[in-house]
Every structure is written in C-alpha cells, then in structure tokens.
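Take a look at the structure set out below.
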Amino acid sequence: MTADDRKGLNRYNDLYLWMIIPMVVMQVGIFRDYWGDFTDNAWAVHVHYWTATLWYLFLILQPYYAANRQFERHRTNGIIGFFLAGGVALTALSALHRDINNADLSAKMRAEFGPFEPWFFYGIATVEFVMMSAFIVAVIQAIRHRRSLDDHAWWLISTVFIIMMPSIGRGAGVLWGMIFGKDDPGQLTYPIYLTTAAILALLFWAARRYGRVNHPATWLAAGVNLFNLLFEPLGKWEWLQGFLRMVIKG
C-alpha cells in the first residue's frame, strides 16, 4: 500500500460513524408510515423496507471494515452488498404500482384521502422512478471505480442522499399533518420542499468535508433532489398520467 493509499484511507477512518446519522434519520422518518400500519403493509413494502435498511447498514459496515484494515471482509461483503443494491432498486421500482393505485383510489374516495389528489401520486411515482434510476447509476459507477478509493467511496456515499427523500419526506409529511391538521393542503408540498433543502444542505456539507464538491456523484445526487421539486407540475401533466397508467399496472 502506497503512502497516498494510506492517506486516502485515513480520510475515511470515521466515515462509518457519520453513516449512522442517515441510518437513524431514515428510520425515524419512515417509522410511523411503516410500523404504524405494519400488518396492513403489502409484501412488496416489507421487502423494500428491509432491503433499504440493510443497504444503510451496509454503508456503515463497509467503511468500518476499511478503517480497521479488514480488506478481505470488505471485498467479500462488497459482493453481497451489490447484490443487495439490486434488491433495493428493483423492489422500489416494482412497488410504483401502489402510487398508481392510490391515484385511482384518491379520485374515487375523496373523503378518505383528504387533500391528497391524484396528481400527487403520479408526481411521486415519476420522481421515484428517476431517483431509483440514479441510484442504479451510482452503484454501477462505484463498481466501475472500485480501484479508486475516493471515487468508489463517494459514489457509494452519494446513494444515501439519492434515496433519502422517500423515508424522511413521509416523516415530514406526517409531522406536518400533526401540527397543521391532516386536511391541510400544505402537507402535499411543503414537507417535500423543506426535506429537499435539508438533504441538499447535508449533501454539500459532506461533499465539502471529504473534498468531493465537484465530483459527478455530488451533482447526480443534487440533480435528483432538485428534480424531486418538479413532482407537482409533472404529476399534473395529463399525458404523463396516461403514460404511467399504461406502463405501471396494479
């Protein structure tokens, strides 16, 4: 191992500790939405929740192995982890039909859905498709750049910021409803706007800390989160609604 390699490893010695924070934030954000109606959740929801949770644990364990110079375990665990990443992406994409079903139900059962109109669910389905596509790109890039410590590490770290929105966005929405009332129309948009701002702030803080501000993974994660802000106009685009109904069936 060269001096530069040792220097690079030392830079990430405490990374596994920092990775605990998004893990906790993700669990707090999704807690009520998942555990509040645990027995009513579909099988696809359970599979996606646990694969995503294991992915966050993977992002804690891998830098821990590297920091403690357990490279053989790091490499073996990495092979398992990339299999897990496929599960995260595919289970999320396969669950998009729930958004289309909710869009149809919200149009028929207005009282039960409160302020949540069909466009909201179409918009969420659209941005989640883009989000998971970006997640796949980031994981593939991490594999391609596995011989470059900085690139490999940062592409993997970027996945945290790419897929953080659904869990903490739901948590923020629940909190907004508790404060302002479950029928307040503001919970359709403001929690997502505020959550996006928080994720972007954390992303650029982490990028600056590890000297990765101008890295393509940083801009991919930033772009995905900025794209999330378009969920309302996208969800109200009738052509896109029809396309989603045609392609994604419940």
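Just so we're on the same page: first chain in the structure tokens is A, next is B, and so on; residues restart at 1 for each chain, and ligands are numbered from 1 in the order they show up.
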
Taking only C-alpha atoms into account, produce a table as CSV in which each residue of region 34-117 of chain A with an atom at most 12 Å from an atom of region 226-240 of chain A appears once, together with its shortest atom pair and the distance in Å to one decimal, ordered by chain and rising number.
residue,atom,partner,partner_atom,distance
A:Asp99,CA,A:Gly235,CA,11.2
A:Ile100,CA,A:Gly235,CA,11.1
A:Ala103,CA,A:Gly235,CA,10.1
A:Phe116,CA,A:Glu232,CA,11.7
A:Glu117,CA,A:Gly235,CA,9.8

*region 67-243 of chain A: residues DSSP assigns to helix (DSSP H, G or I), reported as a PyMOL selection string*: chain A and resi 67+71-94+97-108+110-113+118-144+149-162+165-180+185-188+190-209+216-228+231-235+238-243

*If you count only C-alpha atoms, which residues fall within 10 Å of region 47-63 of chain A, apart from same-chain ones fewer than 3 positions away, as a PyMOL selection string?*
chain A and resi 9+12-24+26-27+30+34+42-44+66-71+73-75+77-78+80-82+84-95+153+156-157+159-160+163+167

Keeping only C-alpha atoms, write the selected residues to a file as an mmCIF file, in the first residue's frame.
data_model
loop_
_atom_site.group_PDB
_atom_site.id
_atom_site.type_symbol
_atom_site.label_atom_id
_atom_site.label_comp_id
_atom_site.auth_asym_id
_atom_site.auth_seq_id
_atom_site.Cartn_x
_atom_site.Cartn_y
_atom_site.Cartn_z
ATOM 1 C CA LEU A 9 -7.914 5.538 3.920
ATOM 2 C CA TYR A 12 -12.407 7.913 5.753
ATOM 3 C CA ASN A 13 -11.488 6.411 9.138
ATOM 4 C CA ASP A 14 -14.541 7.912 10.846
ATOM 5 C CA LEU A 15 -16.911 7.580 7.890
ATOM 6 C CA TYR A 16 -18.764 4.615 9.384
ATOM 7 C CA LEU A 17 -19.698 6.774 12.383
ATOM 8 C CA TRP A 18 -21.096 9.514 10.149
ATOM 9 C CA MET A 19 -23.082 6.917 8.202
ATOM 10 C CA ILE A 20 -25.006 6.077 11.363
ATOM 11 C CA ILE A 21 -26.707 9.502 11.148
ATOM 12 C CA PRO A 22 -28.574 8.951 7.844
ATOM 13 C CA MET A 23 -29.473 5.454 9.031
ATOM 14 C CA VAL A 24 -31.151 6.892 12.140
ATOM 15 C CA MET A 26 -34.182 7.212 7.662
ATOM 16 C CA GLN A 27 -35.624 5.007 10.420
ATOM 17 C CA ILE A 30 -40.304 6.067 7.996
ATOM 18 C CA TYR A 34 -44.168 1.631 8.134
ATOM 19 C CA ALA A 42 -48.192 -5.334 1.303
ATOM 20 C CA TRP A 43 -45.413 -7.898 0.947
ATOM 21 C CA ALA A 44 -43.601 -5.619 -1.536
ATOM 22 C CA ALA A 66 -11.847 -0.439 5.642
ATOM 23 C CA ALA A 67 -10.999 1.739 8.658
ATOM 24 C CA ASN A 68 -9.908 -1.370 10.562
ATOM 25 C CA ARG A 69 -7.954 -2.665 7.538
ATOM 26 C CA GLN A 70 -10.145 -5.776 7.207
ATOM 27 C CA PHE A 71 -9.901 -5.649 3.436
ATOM 28 C CA ARG A 73 -14.070 -8.900 4.631
ATOM 29 C CA HIS A 74 -14.629 -5.568 2.888
ATOM 30 C CA ARG A 75 -14.296 -7.180 -0.545
ATOM 31 C CA ASN A 77 -19.114 -8.026 1.880
ATOM 32 C CA GLY A 78 -18.973 -5.740 -1.149
ATOM 33 C CA ILE A 80 -23.023 -9.256 -1.216
ATOM 34 C CA GLY A 81 -23.771 -5.539 -0.975
ATOM 35 C CA PHE A 82 -24.009 -5.007 -4.704
ATOM 36 C CA LEU A 84 -28.402 -6.086 -2.120
ATOM 37 C CA ALA A 85 -28.324 -2.813 -4.083
ATOM 38 C CA GLY A 86 -30.120 -4.537 -6.936
ATOM 39 C CA GLY A 87 -32.792 -5.607 -4.479
ATOM 40 C CA VAL A 88 -33.238 -2.041 -3.216
ATOM 41 C CA ALA A 89 -33.703 -0.687 -6.741
ATOM 42 C CA LEU A 90 -35.885 -3.451 -8.135
ATOM 43 C CA THR A 91 -38.203 -3.650 -5.125
ATOM 44 C CA ALA A 92 -38.671 0.129 -5.217
ATOM 45 C CA LEU A 93 -39.426 0.118 -8.934
ATOM 46 C CA SER A 94 -41.775 -2.846 -8.621
ATOM 47 C CA ALA A 95 -43.723 -1.034 -5.876
ATOM 48 C CA ALA A 153 -16.328 5.627 -1.620
ATOM 49 C CA LEU A 156 -21.488 4.784 -2.572
ATOM 50 C CA ILE A 157 -21.958 7.633 -0.100
ATOM 51 C CA THR A 159 -26.594 6.796 -2.730
ATOM 52 C CA VAL A 160 -27.600 7.892 0.773
ATOM 53 C CA ILE A 163 -32.674 7.730 -1.888
ATOM 54 C CA SER A 167 -38.402 7.995 4.094
#

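Interatomic distance, CA of Asp183 (chain A) to CA of Pro115 (chain A): 5.6 Å.
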
*Show which residues sit within 12 Å of Gly177 (chain A), as a PyMOL selection string. Count only C-alpha atoms, and ignore same-chain residues fewer than 6 positions away.*
chain A and resi 114-116+170-171+183-191

*Identify, on the basis of only C-alpha atoms, every residue whose closest approach to Val130 (chain A) does not exceed 9 Å; exclude the query and any residue fewer than 3 positions from it along the same chain; express the result as a list in words.*
Ala125, Thr126, Val127, Ser133, Ala134, Phe135, Val224, Phe227 and Asn228 of chain A

Could the residues in this selection be saved with N, CA and C atoms as a compact mmCIF listing (two decimals), in the first residue's frame?
# COMPACT_ATOMS: atom_id res chain seq x y z
N ALA A 125 -44.66 8.96 -8.17
CA ALA A 125 -44.22 7.82 -8.97
C ALA A 125 -43.14 8.23 -9.97
N THR A 126 -43.31 9.40 -10.57
CA THR A 126 -42.36 9.88 -11.57
C THR A 126 -40.99 10.15 -10.96
N VAL A 127 -40.97 10.91 -9.86
CA VAL A 127 -39.67 11.26 -9.27
C VAL A 127 -39.01 10.05 -8.62
N SER A 133 -33.43 5.14 -10.68
CA SER A 133 -32.54 5.03 -11.84
C SER A 133 -31.18 5.64 -11.52
N ALA A 134 -31.20 6.78 -10.83
CA ALA A 134 -29.94 7.42 -10.43
C ALA A 134 -29.20 6.56 -9.41
N PHE A 135 -29.92 5.92 -8.51
CA PHE A 135 -29.31 5.01 -7.54
C PHE A 135 -28.56 3.89 -8.26
N VAL A 224 -30.90 14.90 -8.70
CA VAL A 224 -32.06 14.08 -8.36
C VAL A 224 -32.95 14.80 -7.36
N PHE A 227 -34.73 17.62 -9.00
CA PHE A 227 -35.80 17.07 -9.85
C PHE A 227 -37.03 16.72 -9.01
N ASN A 228 -36.81 16.29 -7.76
CA ASN A 228 -37.94 15.96 -6.88
C ASN A 228 -38.89 17.14 -6.71
